[in-house]
$ cat structure.cif   # mmCIF, C-alpha atoms
data_work
loop_
_atom_site.label_atom_id
_atom_site.label_comp_id
_atom_site.auth_asym_id
_atom_site.auth_seq_id
_atom_site.Cartn_x
_atom_site.Cartn_y
_atom_site.Cartn_z
CA MET A 1 -99.55 -6.48 84.30
CA GLY A 2 -101.14 -6.05 80.88
CA GLY A 3 -104.25 -7.80 79.61
CA SER A 4 -102.32 -10.19 77.38
CA GLN A 5 -100.01 -11.18 80.22
CA THR A 6 -103.01 -11.86 82.45
CA LEU A 7 -104.53 -14.11 79.78
CA ILE A 8 -101.27 -16.02 79.33
CA LEU A 9 -101.03 -16.41 83.11
CA CYS A 10 -104.61 -17.76 83.17
CA TRP A 11 -103.75 -20.24 80.41
CA ALA A 12 -100.60 -21.40 82.23
CA LEU A 13 -102.65 -21.88 85.39
CA LEU A 14 -105.29 -23.85 83.48
CA VAL A 15 -102.61 -26.10 81.96
CA ALA A 16 -101.04 -26.72 85.37
CA LEU A 17 -104.44 -27.43 86.93
CA SER A 18 -105.36 -29.83 84.11
CA VAL A 19 -102.14 -31.78 84.58
CA GLY A 20 -102.81 -31.69 88.32
CA THR A 21 -106.28 -33.10 87.68
CA VAL A 22 -104.83 -36.14 85.92
CA LEU A 23 -102.18 -36.70 88.59
CA THR A 24 -104.54 -36.33 91.55
CA GLY A 25 -107.22 -38.39 89.78
CA ALA A 26 -104.74 -41.22 89.30
CA SER A 27 -103.98 -41.03 93.04
CA GLY A 28 -107.65 -41.27 93.91
CA LEU A 29 -107.77 -37.80 95.45
CA TRP A 30 -111.26 -37.10 94.12
CA LEU A 31 -111.87 -34.14 96.46
CA VAL A 32 -108.81 -32.40 95.01
CA VAL A 33 -110.08 -33.18 91.49
CA LEU A 34 -113.37 -31.51 92.45
CA VAL A 35 -111.63 -28.39 93.78
CA LEU A 36 -109.39 -28.20 90.70
CA ALA A 37 -112.45 -28.37 88.41
CA VAL A 38 -114.05 -25.45 90.26
CA VAL A 39 -110.84 -23.40 90.12
CA LYS A 40 -110.46 -24.08 86.38
CA GLY A 41 -114.02 -22.92 85.80
CA TRP A 42 -113.35 -19.83 87.87
CA VAL A 43 -110.23 -18.97 85.82
CA ILE A 44 -112.18 -19.34 82.55
CA VAL A 45 -115.11 -17.24 83.80
CA ASP A 46 -113.07 -14.44 85.34
CA GLY A 47 -110.01 -14.63 83.08
CA PHE A 48 -110.98 -15.70 79.56
CA MET A 49 -114.60 -14.50 79.67
CA ALA A 50 -113.52 -11.33 81.54
CA LEU A 51 -116.55 -11.51 83.81
CA ARG A 52 -114.57 -10.10 86.71
CA TYR A 53 -115.48 -6.71 85.20
CA ALA A 54 -119.14 -7.66 84.63
CA PRO A 55 -122.20 -7.02 86.80
CA LEU A 56 -122.16 -9.37 89.75
CA LEU A 57 -125.38 -11.11 88.69
CA TRP A 58 -123.79 -12.42 85.47
CA ARG A 59 -120.52 -13.27 87.15
CA PHE A 60 -122.19 -15.23 89.92
CA ALA A 61 -124.56 -16.94 87.47
CA MET A 62 -121.57 -18.38 85.60
CA LEU A 63 -119.53 -19.16 88.71
CA GLY A 64 -122.64 -20.69 90.25
CA TRP A 65 -123.09 -22.96 87.24
CA VAL A 66 -119.56 -24.27 87.68
CA GLY A 67 -119.69 -24.59 91.46
CA VAL A 68 -123.14 -26.13 91.81
CA LEU A 69 -122.67 -28.53 88.89
CA VAL A 70 -119.26 -29.75 89.97
CA VAL A 71 -120.34 -30.26 93.57
CA ALA A 72 -123.59 -31.97 92.50
CA ALA A 73 -121.99 -34.18 89.87
CA PHE A 74 -118.84 -35.17 91.72
CA GLY A 75 -120.54 -35.15 95.10
CA SER A 76 -123.29 -37.53 94.01
CA THR A 77 -120.69 -39.77 92.40
CA ARG A 78 -118.62 -40.07 95.54
CA LEU A 79 -120.97 -39.50 98.45
CA LEU A 80 -123.90 -41.58 97.20
CA GLY A 81 -121.83 -44.14 95.33
CA MET B 1 -110.03 12.72 95.94
CA PHE B 2 -112.41 10.88 93.66
CA ILE B 3 -111.54 7.55 92.17
CA LEU B 4 -113.37 6.95 88.93
CA HIS B 5 -114.22 3.35 88.17
CA GLU B 6 -115.33 2.18 84.75
CA PRO B 7 -118.92 0.96 84.88
CA ARG B 8 -119.23 -2.79 85.03
CA ARG B 9 -120.21 -4.23 81.65
CA VAL B 10 -121.03 -7.62 80.22
CA PRO B 11 -118.76 -8.41 77.26
CA GLY B 12 -120.59 -9.37 74.08
CA ASP B 13 -124.28 -9.24 73.23
CA LEU B 14 -126.91 -9.91 75.87
CA ALA B 15 -128.62 -12.30 73.45
CA MET B 16 -125.44 -14.41 73.33
CA TRP B 17 -125.42 -14.60 77.11
CA PHE B 18 -128.98 -15.93 77.17
CA PHE B 19 -127.99 -18.44 74.49
CA ILE B 20 -124.96 -19.48 76.58
CA LEU B 21 -127.11 -19.87 79.69
CA ALA B 22 -129.57 -22.04 77.74
CA GLU B 23 -126.72 -24.19 76.42
CA LEU B 24 -125.19 -24.53 79.88
CA THR B 25 -128.56 -25.66 81.24
CA VAL B 26 -128.76 -28.45 78.67
CA PHE B 27 -125.17 -29.50 79.41
CA ALA B 28 -125.91 -29.44 83.16
CA ILE B 29 -128.81 -31.87 82.67
CA LEU B 30 -126.64 -34.23 80.61
CA ILE B 31 -123.73 -34.03 83.06
CA LEU B 32 -126.01 -34.71 86.02
CA ALA B 33 -127.58 -37.63 84.16
CA PHE B 34 -124.08 -39.04 83.64
CA ALA B 35 -123.18 -38.54 87.33
CA VAL B 36 -126.41 -40.00 88.71
CA THR B 37 -126.25 -43.03 86.40
CA GLN B 38 -122.70 -43.58 87.58
CA VAL B 39 -124.02 -43.85 91.14
CA LEU B 40 -126.57 -46.42 90.00
CA LYS B 41 -124.14 -48.48 87.91
CA PRO B 42 -120.65 -47.97 89.34
CA GLU B 43 -119.18 -51.17 87.95
CA VAL B 44 -120.38 -50.52 84.41
CA PHE B 45 -118.88 -47.03 84.59
CA ALA B 46 -115.59 -48.28 86.02
CA GLN B 47 -115.30 -50.82 83.19
CA GLY B 48 -116.25 -48.26 80.57
CA ARG B 49 -113.89 -45.60 81.85
CA ALA B 50 -111.03 -48.11 81.85
CA GLN B 51 -111.37 -48.20 78.06
CA LEU B 52 -110.63 -44.46 77.84
CA ASP B 53 -107.14 -42.99 77.75
CA THR B 54 -106.67 -40.16 80.25
CA SER B 55 -103.68 -38.76 78.39
CA THR B 56 -105.85 -38.42 75.28
CA GLY B 57 -108.38 -36.50 77.37
CA LEU B 58 -105.59 -34.27 78.69
CA ALA B 59 -104.33 -33.57 75.17
CA MET B 60 -107.84 -32.54 74.12
CA THR B 61 -108.10 -30.33 77.21
CA LEU B 62 -104.85 -28.56 76.39
CA SER B 63 -105.83 -27.97 72.76
CA LEU B 64 -109.20 -26.48 73.74
CA LEU B 65 -107.67 -24.23 76.40
CA THR B 66 -104.91 -23.08 74.04
CA ALA B 67 -107.49 -22.21 71.39
CA GLY B 68 -109.34 -20.27 74.10
CA LEU B 69 -106.18 -18.34 74.97
CA LEU B 70 -105.51 -17.44 71.33
CA ALA B 71 -109.12 -16.33 70.83
CA ALA B 72 -108.99 -14.15 73.96
CA LEU B 73 -105.67 -12.65 72.82
CA ALA B 74 -107.27 -11.91 69.45
CA VAL B 75 -109.94 -9.79 71.15
CA GLN B 76 -107.16 -7.90 72.96
CA GLN B 77 -105.36 -7.20 69.68
CA VAL B 78 -108.50 -5.99 67.90
CA ARG B 79 -109.26 -3.78 70.91
CA LEU B 80 -105.84 -2.18 70.35
CA GLY B 81 -106.67 -1.60 66.68
CA ARG B 82 -104.57 -4.50 65.38
CA SER B 83 -107.18 -6.39 63.36
CA ARG B 84 -104.71 -8.35 61.24
CA GLN B 85 -102.90 -9.65 64.33
CA GLY B 86 -106.31 -10.55 65.71
CA CYS B 87 -107.05 -12.44 62.50
CA ALA B 88 -103.77 -14.37 62.79
CA LEU B 89 -104.52 -15.31 66.40
CA LEU B 90 -108.02 -16.49 65.50
CA LEU B 91 -106.59 -18.63 62.69
CA GLY B 92 -104.11 -20.00 65.24
CA ALA B 93 -107.03 -20.83 67.54
CA LEU B 94 -108.73 -22.58 64.64
CA LEU B 95 -105.63 -24.67 63.93
CA VAL B 96 -105.26 -25.68 67.58
CA ALA B 97 -108.96 -26.55 67.68
CA LEU B 98 -108.34 -28.82 64.69
CA VAL B 99 -105.89 -30.75 66.87
CA TYR B 100 -108.77 -31.41 69.28
CA VAL B 101 -110.98 -32.58 66.40
CA TRP B 102 -108.25 -34.86 65.09
CA ILE B 103 -107.70 -36.46 68.52
CA LYS B 104 -111.44 -36.77 69.19
CA VAL B 105 -112.17 -38.35 65.81
CA ALA B 106 -109.27 -40.79 66.37
CA GLU B 107 -110.69 -41.69 69.78
CA TYR B 108 -114.20 -42.16 68.35
CA ALA B 109 -112.81 -44.33 65.53
CA HIS B 110 -110.83 -46.43 68.01
CA LEU B 111 -113.84 -46.97 70.30
CA ALA B 112 -116.22 -47.70 67.43
CA GLY B 113 -113.67 -50.08 65.90
CA SER B 114 -113.41 -51.89 69.24
CA GLY B 115 -117.17 -52.41 69.32
CA LEU B 116 -117.66 -49.84 72.11
CA GLY B 117 -120.49 -48.04 70.38
CA LEU B 118 -123.57 -46.25 71.60
CA GLU B 119 -125.34 -49.48 72.55
CA TYR B 120 -122.43 -51.31 74.18
CA SER B 121 -123.25 -50.23 77.75
CA THR B 122 -124.96 -47.45 79.70
CA PHE B 123 -121.58 -45.79 80.18
CA PHE B 124 -120.90 -45.64 76.45
CA THR B 125 -124.44 -44.51 75.65
CA LEU B 126 -123.96 -41.50 77.91
CA TYR B 127 -120.32 -41.08 76.83
CA TRP B 128 -121.30 -40.82 73.14
CA VAL B 129 -124.27 -38.54 73.81
CA LEU B 130 -122.41 -36.22 76.19
CA THR B 131 -119.10 -35.95 74.35
CA GLY B 132 -120.83 -36.02 70.95
CA PHE B 133 -123.03 -33.09 71.94
CA HIS B 134 -119.93 -31.23 73.11
CA PHE B 135 -118.08 -32.17 69.92
CA LEU B 136 -120.86 -30.61 67.82
CA HIS B 137 -120.45 -27.42 69.84
CA VAL B 138 -116.72 -27.45 69.14
CA LEU B 139 -117.43 -27.74 65.40
CA LEU B 140 -119.87 -24.81 65.56
CA GLY B 141 -117.30 -22.87 67.59
CA MET B 142 -114.72 -23.48 64.87
CA VAL B 143 -117.08 -22.15 62.22
CA ILE B 144 -117.56 -19.05 64.38
CA LEU B 145 -113.79 -18.63 64.87
CA GLY B 146 -113.29 -18.88 61.10
CA TRP B 147 -115.99 -16.28 60.49
CA LEU B 148 -114.48 -13.94 63.10
CA ALA B 149 -111.03 -14.34 61.52
CA TRP B 150 -112.46 -13.41 58.12
CA ARG B 151 -114.20 -10.34 59.60
CA CYS B 152 -110.99 -9.30 61.37
CA TRP B 153 -109.09 -9.64 58.08
CA GLN B 154 -111.64 -7.23 56.61
CA ARG B 155 -111.06 -4.90 59.59
CA ALA B 156 -114.79 -5.05 60.32
CA TYR B 157 -114.40 -4.63 64.08
CA ARG B 158 -113.52 -1.27 65.56
CA VAL B 159 -113.75 -0.01 69.14
CA PRO B 160 -116.37 0.32 70.59
CA GLY B 161 -118.22 -1.99 68.18
CA LEU B 162 -116.64 -5.24 69.32
CA SER B 163 -119.69 -7.00 70.72
CA GLY B 164 -119.96 -9.34 67.71
CA LEU B 165 -116.34 -10.42 68.10
CA GLU B 166 -116.67 -10.72 71.87
CA SER B 167 -119.86 -12.79 71.53
CA GLY B 168 -118.24 -15.26 69.13
CA VAL B 169 -115.21 -15.69 71.35
CA LEU B 170 -117.45 -16.06 74.42
CA TYR B 171 -119.11 -19.00 72.71
CA TRP B 172 -115.72 -20.68 72.45
CA HIS B 173 -115.02 -20.02 76.13
CA MET B 174 -118.35 -21.67 76.97
CA VAL B 175 -117.15 -24.76 75.08
CA ASP B 176 -113.97 -24.67 77.21
CA LEU B 177 -115.97 -24.20 80.40
CA VAL B 178 -118.14 -27.25 79.74
CA TRP B 179 -115.06 -29.33 78.91
CA VAL B 180 -113.26 -28.58 82.19
CA VAL B 181 -116.23 -30.15 83.98
CA LEU B 182 -116.65 -33.00 81.48
CA PHE B 183 -113.01 -34.04 81.38
CA PRO B 184 -112.56 -35.08 85.05
CA LEU B 185 -116.04 -36.59 85.24
CA VAL B 186 -115.72 -38.73 82.11
CA TYR B 187 -111.97 -39.49 81.97
CA VAL B 188 -110.38 -39.00 85.36
CA ILE B 189 -112.54 -39.97 88.36
CA ARG B 190 -111.93 -43.64 89.17
#
$ encode --input "structure.cif" --output "structure tokens"
Amino acid sequence: MGGSQTLILCWALLVALSVGTVLTGASGLWLVVLVLAVVKGWVIVDGFMALRYAPLLWRFAMLGWVGVLVVAAFGSTRLLG
Amino acid sequence: MFILHEPRRVPGDLAMWFFILAELTVFAILILAFAVTQVLKPEVFAQGRAQLDTSTGLAMTLSLLTAGLLAALAVQQVRLGRSRQGCALLLGALLVALVYVWIKVAEYAHLAGSGLGLEYSTFFTLYWVLTGFHFLHVLLGMVILGWLAWRCWQRAYRVPGLSGLESGVLYWHMVDLVWVVLFPLVYVIR
């Protein structure tokens, strides 16, 4: 699969996940919303930013930002609230 | 048999990556402030969020992501030596980003017109600060996209000298990345 096709696939996945976020959020499935946010961040980092080809330090720094922030933000909202 | 792998490389300039990391740190502080305050004042946040339209947030999400796709495709085209196609894709990204701006400005006007300004409640204080800060980044990103389109039209980028183009497009992807965390936190979670 060519680079352009991969990017279009990433975009389609992001669109589907964004719609899924709204639907699951309306159903109160906050844990699914959390997972979808992490997956969307992952697709942007590895797909759009092309960090899947980058040194692991940079890749994990960006993925870590998404993962830690989403878990901290959503987790505090739901677990402490 | 030897399998040769291309060395791993960071796209764009290293300086841009440090800038992106600094920006993401600031956004992380603001997002955490929003989340922690929500724990402290759940009812205020529930009332505030009820004033927001999730479908509007979704439309903004789709416009930002589509602009991101077009910008990424532009880099691909320039990498293949097709600068003018890259220019067209960057202009497309700029147009789609304008849709986001149009929706966001309409939302801001609606909220301000309804008296839901910066001082209305803690939710709206943080809403205006957080989304306003992101909005400013979108505007800067659009200026960058316009500049990159102009440089592509001039055929200024040639392999392997694409780091300027990659850096500019990376900035836009950072704007996307922040939004995919902001959107569910501000608009969706009930």
$ residues_around --input "structure.cif" --residues "range 57-59 of chain A" --least-positions-apart "5" --cutoff "8 Å" --atoms "only C-alpha atoms" --output "number ranges by chain"
A: 45-46, 51-52; B: 10
$ resolve_selection --input "structure.cif" --expression "the PyMOL selection byres ((chain B) within 6 of (chain A))" --output "PyMOL selection string"
chain B and resi 8-10+32+35+39+177+188-189
$ resolve_selection --input "structure.cif" --expression "the PyMOL selection byres ((chain B and resi 51) around 12)" --output "count of residues only"
26
$ closest_residue --input "structure.cif" --among "B:Trp102, B:Phe34, B:Phe183, B:Trp153" --to "Ser83 in chain B" --atoms "all atoms listed in the file"
B:Trp153
$ atom_distance --input "structure.cif" --atom1 "CA of Ala149 in chain B" --atom2 "CA of Leu91 in chain B"
6.3 Å
$ resolve_selection --input "structure.cif" --expression "the PyMOL selection byres ((chain B and resi 60) around 8)" --output "PyMOL selection string"
chain B and resi 56-59+61-64+99-100+103-104
$ axis_aligned_box --input "structure.cif" --around "range 47-50 of chain A" --padding-each-side "6 Å" --output "lines of an AutoDock Vina configuration file"
center_x = -112.3
center_y = -13.5
center_z = 81.3
size_x = 16.6
size_y = 16.4
size_z = 15.5
$ atom_distance --input "structure.cif" --atom1 "CA of Ala156 in chain B" --atom2 "CA of Pro11 in chain B"
17.7 Å
$ atom_distance --input "structure.cif" --atom1 "CA of Gln77 in chain B" --atom2 "CA of Arg155 in chain B"
11.8 Å
$ decode --input "structure.cif" --residues "range 92-132 of chain B" --atoms "N, CA and C atoms" --output "JSON list (two decimals), in the first residue's frame"
[["chain", "number", "residue", "atom", "x", "y", "z"],
["B", 92, "GLY", "N", -5.89, 23.47, -0.40],
["B", 92, "GLY", "CA", -7.09, 22.73, 0.01],
["B", 92, "GLY", "C", -7.15, 22.62, 1.52],
["B", 93, "ALA", "N", -6.01, 22.33, 2.14],
["B", 93, "ALA", "CA", -5.95, 22.24, 3.60],
["B", 93, "ALA", "C", -6.33, 23.57, 4.24],
["B", 94, "LEU", "N", -5.86, 24.63, 3.62],
["B", 94, "LEU", "CA", -6.15, 25.99, 4.12],
["B", 94, "LEU", "C", -7.65, 26.27, 4.04],
["B", 95, "LEU", "N", -8.27, 25.88, 2.93],
["B", 95, "LEU", "CA", -9.71, 26.09, 2.76],
["B", 95, "LEU", "C", -10.52, 25.31, 3.80],
["B", 96, "VAL", "N", -10.11, 24.04, 4.01],
["B", 96, "VAL", "CA", -10.83, 23.21, 4.98],
["B", 96, "VAL", "C", -10.63, 23.76, 6.40],
["B", 97, "ALA", "N", -9.43, 24.29, 6.65],
["B", 97, "ALA", "CA", -9.17, 24.90, 7.96],
["B", 97, "ALA", "C", -10.06, 26.13, 8.16],
["B", 98, "LEU", "N", -10.35, 26.82, 7.06],
["B", 98, "LEU", "CA", -11.24, 27.99, 7.15],
["B", 98, "LEU", "C", -12.65, 27.58, 7.60],
["B", 99, "VAL", "N", -13.04, 26.36, 7.24],
["B", 99, "VAL", "CA", -14.35, 25.85, 7.69],
["B", 99, "VAL", "C", -14.34, 25.77, 9.22],
["B", 100, "TYR", "N", -13.23, 25.25, 9.76],
["B", 100, "TYR", "CA", -13.10, 25.18, 11.23],
["B", 100, "TYR", "C", -13.24, 26.58, 11.82],
["B", 101, "VAL", "N", -12.52, 27.54, 11.25],
["B", 101, "VAL", "CA", -12.54, 28.91, 11.78],
["B", 101, "VAL", "C", -13.95, 29.48, 11.74],
["B", 102, "TRP", "N", -14.63, 29.25, 10.63],
["B", 102, "TRP", "CA", -15.99, 29.75, 10.46],
["B", 102, "TRP", "C", -16.91, 29.16, 11.54],
["B", 103, "ILE", "N", -16.82, 27.84, 11.75],
["B", 103, "ILE", "CA", -17.67, 27.19, 12.75],
["B", 103, "ILE", "C", -17.33, 27.70, 14.15],
["B", 104, "LYS", "N", -16.01, 27.81, 14.42],
["B", 104, "LYS", "CA", -15.58, 28.22, 15.77],
["B", 104, "LYS", "C", -16.01, 29.65, 16.07],
["B", 105, "VAL", "N", -15.85, 30.53, 15.09],
["B", 105, "VAL", "CA", -16.25, 31.92, 15.29],
["B", 105, "VAL", "C", -17.77, 32.00, 15.51],
["B", 106, "ALA", "N", -18.52, 31.18, 14.75],
["B", 106, "ALA", "CA", -19.98, 31.17, 14.93],
["B", 106, "ALA", "C", -20.34, 30.68, 16.33],
["B", 107, "GLU", "N", -19.62, 29.66, 16.80],
["B", 107, "GLU", "CA", -19.88, 29.15, 18.15],
["B", 107, "GLU", "C", -19.53, 30.21, 19.20],
["B", 108, "TYR", "N", -18.39, 30.86, 19.04],
["B", 108, "TYR", "CA", -17.99, 31.92, 19.98],
["B", 108, "TYR", "C", -19.04, 33.04, 19.98],
["B", 109, "ALA", "N", -19.50, 33.43, 18.79],
["B", 109, "ALA", "CA", -20.48, 34.52, 18.69],
["B", 109, "ALA", "C", -21.78, 34.13, 19.38],
["B", 110, "HIS", "N", -22.19, 32.87, 19.17],
["B", 110, "HIS", "CA", -23.42, 32.38, 19.79],
["B", 110, "HIS", "C", -23.31, 32.40, 21.32],
["B", 111, "LEU", "N", -22.19, 31.89, 21.84],
["B", 111, "LEU", "CA", -22.00, 31.83, 23.30],
["B", 111, "LEU", "C", -21.91, 33.24, 23.88],
["B", 112, "ALA", "N", -21.14, 34.09, 23.23],
["B", 112, "ALA", "CA", -20.99, 35.46, 23.73],
["B", 112, "ALA", "C", -22.34, 36.18, 23.69],
["B", 113, "GLY", "N", -23.09, 35.95, 22.60],
["B", 113, "GLY", "CA", -24.40, 36.58, 22.47],
["B", 113, "GLY", "C", -25.40, 36.09, 23.51],
["B", 114, "SER", "N", -25.18, 34.86, 23.99],
["B", 114, "SER", "CA", -26.06, 34.29, 25.02],
["B", 114, "SER", "C", -25.61, 34.66, 26.43],
["B", 115, "GLY", "N", -24.59, 35.47, 26.52],
["B", 115, "GLY", "CA", -24.09, 35.90, 27.83],
["B", 115, "GLY", "C", -23.17, 34.90, 28.49],
["B", 116, "LEU", "N", -22.74, 33.87, 27.73],
["B", 116, "LEU", "CA", -21.88, 32.82, 28.30],
["B", 116, "LEU", "C", -20.41, 33.17, 28.04],
["B", 117, "GLY", "N", -20.01, 34.30, 28.57],
["B", 117, "GLY", "CA", -18.64, 34.78, 28.33],
["B", 117, "GLY", "C", -17.64, 34.21, 29.31],
["B", 118, "LEU", "N", -16.49, 34.81, 29.29],
["B", 118, "LEU", "CA", -15.34, 34.34, 30.09],
["B", 118, "LEU", "C", -15.66, 34.32, 31.59],
["B", 119, "GLU", "N", -16.50, 35.24, 32.04],
["B", 119, "GLU", "CA", -16.76, 35.37, 33.47],
["B", 119, "GLU", "C", -18.06, 34.71, 33.91],
["B", 120, "TYR", "N", -18.75, 34.04, 33.00],
["B", 120, "TYR", "CA", -20.06, 33.48, 33.35],
["B", 120, "TYR", "C", -19.95, 32.40, 34.42],
["B", 121, "SER", "N", -19.01, 31.46, 34.23],
["B", 121, "SER", "CA", -18.81, 30.40, 35.22],
["B", 121, "SER", "C", -17.38, 29.86, 35.06],
["B", 122, "THR", "N", -16.97, 29.03, 36.02],
["B", 122, "THR", "CA", -15.63, 28.45, 35.94],
["B", 122, "THR", "C", -15.47, 27.63, 34.67],
["B", 123, "PHE", "N", -16.55, 26.91, 34.30],
["B", 123, "PHE", "CA", -16.48, 26.11, 33.07],
["B", 123, "PHE", "C", -16.16, 26.99, 31.88],
["B", 124, "PHE", "N", -16.90, 28.12, 31.76],
["B", 124, "PHE", "CA", -16.69, 28.95, 30.57],
["B", 124, "PHE", "C", -15.38, 29.72, 30.62],
["B", 125, "THR", "N", -14.89, 30.02, 31.82],
["B", 125, "THR", "CA", -13.56, 30.63, 31.91],
["B", 125, "THR", "C", -12.53, 29.69, 31.29],
["B", 126, "LEU", "N", -12.57, 28.43, 31.73],
["B", 126, "LEU", "CA", -11.60, 27.46, 31.21],
["B", 126, "LEU", "C", -11.87, 27.11, 29.76],
["B", 127, "TYR", "N", -13.17, 27.07, 29.39],
["B", 127, "TYR", "CA", -13.53, 26.79, 27.99],
["B", 127, "TYR", "C", -12.92, 27.84, 27.06],
["B", 128, "TRP", "N", -13.11, 29.14, 27.42],
["B", 128, "TRP", "CA", -12.61, 30.21, 26.55],
["B", 128, "TRP", "C", -11.08, 30.22, 26.51],
["B", 129, "VAL", "N", -10.45, 30.00, 27.66],
["B", 129, "VAL", "CA", -8.98, 30.02, 27.70],
["B", 129, "VAL", "C", -8.42, 28.85, 26.88],
["B", 130, "LEU", "N", -8.96, 27.65, 27.14],
["B", 130, "LEU", "CA", -8.42, 26.45, 26.50],
["B", 130, "LEU", "C", -8.68, 26.44, 24.99],
["B", 131, "THR", "N", -9.95, 26.65, 24.62],
["B", 131, "THR", "CA", -10.26, 26.59, 23.18],
["B", 131, "THR", "C", -9.72, 27.84, 22.46],
["B", 132, "GLY", "N", -9.67, 28.97, 23.18],
["B", 132, "GLY", "CA", -9.13, 30.19, 22.57],
["B", 132, "GLY", "C", -7.64, 30.04, 22.28]]
